[in-house]
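These notes are about the structure you will find just below.
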Amino acid sequence: MIPKETVDKIIETSRIEEVVGDFVSLKRRGTSMIGLCPFHNERTPSFHVSVAKGIFKCFGCGQGGDSVRFIMEHEKATYPEALRYLASKYSVEIEEVENSPEEQAVNDRRESLYIVSGFAAKYFHEQMMATDEGKTIGLSYFKERGFRDDIIKKFELGYSPDVWDALTEQAVKEGYSLQFLEDTGLTIRKDNEKLYDRFRGRVMFPIHSFTGRVIGFGGRTLKTDKAVPKYVNSPESDIYHKSNVLYGLFFAKKPIRDQDNCYLVEGYADVLSVHQAGVENVVASSGTSLTIEQIRLIGRFTKNITILYDGDEAGIKASLRGLDMILEEGLNVKVVLFPDGHDPDSYVQAFGSAAFKTHIEQNKKDFILYKTGILLKDAGNDPIKRAGIIREVVESIAKIPDGIKASVFVRECSSLLQIEERVLISELNKIHLSKSKKDNSNYIAPQQAQTPPEASASVLTGISDGDDKQEKEIIRLLLNYGHELVHWDDITDTYIAPYIISNLSDVTFENPLCIRILDVYKKELENGSLPSEQDFIKHVDHEIADLAIAMVSSPYILSENWYAKRKIYVRNESENLRATILGGIFHLKKRKVDRILKKIRDDIQLETDADNQAILMRHYMQVKEVEKGISMFLGSVIIK
């Protein structure tokens, strides 16, 4: 368990823009920072980070919280795991009793899988660096490939002994659970009895999570036996999902942001060689087909991807169609082709770092233009094949969400294909029309999908009789201004929070979450203390924290151009707190009064006794006077 004072120190030390910035490319806008939300797919940024308040908030999907909450949600980590990550990032020492692997397994299965994977990475590395077999086979292989000691250490490369159960035996000896060795795929059980190591006799490439923890492995055999697969990878587990992982991203994420470009290669060795050459913004899909999750992962850091292909033209043509989904995500794609017989790894080893960088700069081409050239070369003078190319190229252009960018490619492809631009535009419009019809045929209107036949008219028109918005507005005012002093109507030495609460003593709230927040305020005020917005933002009740974050965040900022260019001064609500606070109070009261008046009118219509009707009428007139007073302040017009 982590002591509370240590937790407080971790939270105080953490800077929200730095924590989020490790995962999301942020740009400053006014007093906030914005970027693409990592929790849902979007092309227009709706993810805001408030440095002053120490929180993040997505106005698209609703996710929000502080630094700890971000790590928990993004990395699917527990509260202690998130705290440990932040403590490590900011060098805050945590004094706590270490759990044994068995105890950790009871407390947290995922943490146990991380622990076992971390142990295996260390074991493989030590086997390569400290044993005769490891040095002779594993280390010699990496040295022959030209990898320096610093790269070997940085990427934690290793060697798995060519023994049936060397890792398994050592792990069990040190107290690690067989169950977790099997769950990570490090150990395989055959016929429910025999145990053996998955990666025996292979050089090892640990795969790191976004935060640097080992989550899986790739193992390469050095044997020439064709019956033995060249590469073996960890199976899917609770901590490793290959479609969501890019090899080398942990080391590349900052360079990708700094260079505003990501180099995408195919294999582990390509990443290592390119990284060693000084091009550190490089990742690999680890031999698997590129997935939409991996593309979106890159899209958090940059809109620019440069794919480094080897010289295998057949492999390139096979992958062209799949790469259209990069365009669909709104990313810019360039392609670099290496000479026949070379991949990024072999090229940089053969010609050196400087020649490698020069080759990239001189040979990178836009993906669509490159694709057009490849297909034209393949078609030759065959008119039927050339007609098919037009369709295929236009289908790629249709994937681009940016209309201006698409029109540029139409013009350039028109020249390459030697066909009129209007023909390409016509084909493009057909594809868009077809897609639009398909989308419409699959669309179900919200009312059709969600509203039962017997739903009332108020539901169908979106009208609600509740006071939800006004009640939440009161919470917003409490959180944003509750700690400030009242400075109107000759009132002194009173804070806005108790002022609001005392003026709403005659109002019954209906929103359960608002009621819980008000109860916290009342309890703290009774104890002589005034809660701050941070008390609610970091509240242990996630529902309270979520509402607090939503209430203190806004997706909008006032443009400086109103005054700078047009000399129009727009007042901020904080400049007239009397109007802001009383406006919130009276708008809520007016809602409540309107509902009381409606109920009295309904009761009068149903009442048959004349005396009772008279009593109800007097009550109605009394409430009507209250409504007039509220309306006078709000500037409303009473029509009945």
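How things are named: the first chain in the structure tokens is A, the next is B, and so on; residues count from 1 in each chain; ligands count from 1 in the order shown.
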Polymer residues at most 8 Å from Arg386 (chain A), only C-alpha atoms, same-chain spacing of 6 or more positions, as an mmCIF file with C-alpha atoms, in the first residue's frame:
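out-v1.cif was written with the following content:
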```cif
data_model
loop_
_atom_site.group_PDB
_atom_site.id
_atom_site.type_symbol
_atom_site.label_atom_id
_atom_site.label_comp_id
_atom_site.auth_asym_id
_atom_site.auth_seq_id
_atom_site.Cartn_x
_atom_site.Cartn_y
_atom_site.Cartn_z
ATOM 1 C CA LEU A 376 0.931 1.868 -64.542
ATOM 2 C CA ALA A 379 -0.299 -2.501 -66.737
ATOM 3 C CA GLY A 380 2.047 -1.561 -69.565
#
```
_Shortest interatomic distance to Asn480 (chain A) - which of A:Ala284, A:Val552, A:Ala120, A:Leu433, counting only C-alpha atoms_ = A:Val552
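On the backbone of this structure, DSSP gives strand (DSSP E or B) within region 213-308 of chain A to Val214, Ile215, Gly216, Phe217, Gly218, Gly219, Arg220, Thr221, Tyr231, Val232, Asn233, Tyr247, Cys262, Tyr263, Leu264, Val265, Val282, Val283, Ala284, Asn304, Ile305, Thr306, Ile307 and Leu308 of chain A.
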Got time to write the residues from that selection, C-alpha atoms, as a compact mmCIF listing (two decimals), in the first residue's frame?
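The result, stored in again10.txt:
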```txt
# COMPACT_ATOMS: atom_id res chain seq x y z
CA VAL A 214 7.69 -5.55 -21.39
CA ILE A 215 4.43 -7.09 -22.63
CA GLY A 216 5.58 -9.70 -25.16
CA PHE A 217 8.45 -11.06 -27.23
CA GLY A 218 9.56 -11.84 -30.74
CA GLY A 219 12.06 -14.65 -31.12
CA ARG A 220 14.20 -15.32 -34.22
CA THR A 221 15.77 -18.71 -34.88
CA TYR A 231 10.06 -15.91 -36.14
CA VAL A 232 7.87 -16.86 -33.21
CA ASN A 233 5.85 -14.21 -31.35
CA TYR A 247 7.44 -2.29 -32.00
CA CYS A 262 6.78 8.54 -38.27
CA TYR A 263 8.89 6.09 -40.26
CA LEU A 264 7.13 2.75 -40.59
CA VAL A 265 9.20 -0.36 -41.31
CA VAL A 282 10.80 4.69 -36.39
CA VAL A 283 8.36 1.86 -35.53
CA ALA A 284 7.41 -1.52 -36.98
CA ASN A 304 2.66 12.16 -41.38
CA ILE A 305 3.75 8.57 -42.04
CA THR A 306 6.67 7.59 -44.25
CA ILE A 307 6.67 3.90 -45.16
CA LEU A 308 10.11 2.38 -45.82
```
*Would you list the contacts of Ile360 (chain A) as number ranges by chain, taking every protein, DNA or RNA residue within 7 Å and counting only C-alpha atoms, but skipping same-chain residues closer than 4 positions in sequence?*
A: 336, 356, 364
Atoms to include: N, CA and C atoms. Write the selected residues as a PDB file, in the first residue's frame.
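File again01.pdb, as written:
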```pdb
ATOM      1  N   VAL A 336       8.979   5.274 -49.438  1.00  0.00           N
ATOM      2  CA  VAL A 336      10.376   5.222 -49.894  1.00  0.00           C
ATOM      3  C   VAL A 336      10.686   3.780 -50.269  1.00  0.00           C
ATOM      4  N   PHE A 356      21.864   6.691 -45.913  1.00  0.00           N
ATOM      5  CA  PHE A 356      20.498   6.254 -45.634  1.00  0.00           C
ATOM      6  C   PHE A 356      19.547   7.449 -45.575  1.00  0.00           C
ATOM      7  N   LYS A 364      11.499   9.852 -51.393  1.00  0.00           N
ATOM      8  CA  LYS A 364      10.154   9.737 -50.838  1.00  0.00           C
ATOM      9  C   LYS A 364       9.125  10.341 -51.796  1.00  0.00           C
TER      10      LYS A 364
END
```
*8 Å contact set for region 191-201 of chain A, only C-alpha atoms, chain neighbours under 5 positions out, as a PyMOL selection string*: chain A and resi 159-168+185-186+219+221-222+232
Which residues are close to region 252-256 of chain A, i.e. within 7 Å by only C-alpha atoms, leaving aside same-chain residues fewer than 3 positions away? Reply as a PDB file with C-alpha atoms, in the first residue's frame.
```pdb
ATOM      1  CA  GLY A 248       9.736   0.520 -30.874  1.00  0.00           C
ATOM      2  CA  LEU A 249       6.980   3.063 -30.157  1.00  0.00           C
ATOM      3  CA  GLN A 259       9.996  15.472 -36.111  1.00  0.00           C
ATOM      4  CA  ASP A 260       6.244  15.467 -36.881  1.00  0.00           C
ATOM      5  CA  ASN A 261       6.774  12.279 -38.887  1.00  0.00           C
ATOM      6  CA  CYS A 262       6.777   8.536 -38.268  1.00  0.00           C
ATOM      7  CA  GLU A 280      14.767   7.481 -33.923  1.00  0.00           C
ATOM      8  CA  ASN A 281      11.189   8.226 -35.042  1.00  0.00           C
ATOM      9  CA  VAL A 282      10.796   4.690 -36.392  1.00  0.00           C
ATOM     10  CA  VAL A 283       8.363   1.861 -35.532  1.00  0.00           C
ATOM     11  CA  PHE A 301       1.611  11.941 -32.437  1.00  0.00           C
ATOM     12  CA  THR A 302       1.753  12.999 -36.076  1.00  0.00           C
TER      13      THR A 302
END
```
*Which residues, written as JSON, numbers by chain, have at least one atom at most 12 Å from Lys153 (chain A), with only C-alpha atoms counted and residues fewer than 6 positions away on the same chain left out?*
{"A": [121, 122, 124, 125, 126, 128, 129, 139, 142, 147, 205, 206, 272]}
What would the file look like if the residues just selected were written as a compact mmCIF listing (two decimals), in the first residue's frame with C-alpha atoms?
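And here is the file that came out, part-v1.txt:
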```
# COMPACT_ATOMS: atom_id res chain seq x y z
CA ALA A 121 13.35 -10.02 -20.53
CA LYS A 122 16.01 -9.66 -17.84
CA PHE A 124 17.15 -13.48 -21.75
CA HIS A 125 19.42 -10.42 -21.67
CA GLU A 126 21.62 -11.84 -18.91
CA MET A 128 23.19 -13.46 -23.77
CA MET A 129 25.61 -11.18 -21.96
CA LEU A 139 25.61 -11.70 -28.93
CA PHE A 142 23.68 -9.04 -33.05
CA PHE A 147 24.29 -3.43 -33.60
CA PHE A 205 13.34 -8.96 -29.12
CA PRO A 206 11.27 -7.76 -26.11
CA LEU A 272 17.08 -1.26 -34.57
```
_Test item: residues at most 12 Å from region 39-41 of chain A, only C-alpha atoms, excluding those fewer than 3 positions along its chain, as a PyMOL selection string_ = chain A and resi 23-24+35-36+44-47+56-64+70-76+292-293+295-297+299-300+328-330
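Distances here use only C-alpha atoms; by that measure, the residue among A:Asp183, A:Asp132, A:Glu484, A:Gln605 closest to Met617 (chain A) is A:Gln605.
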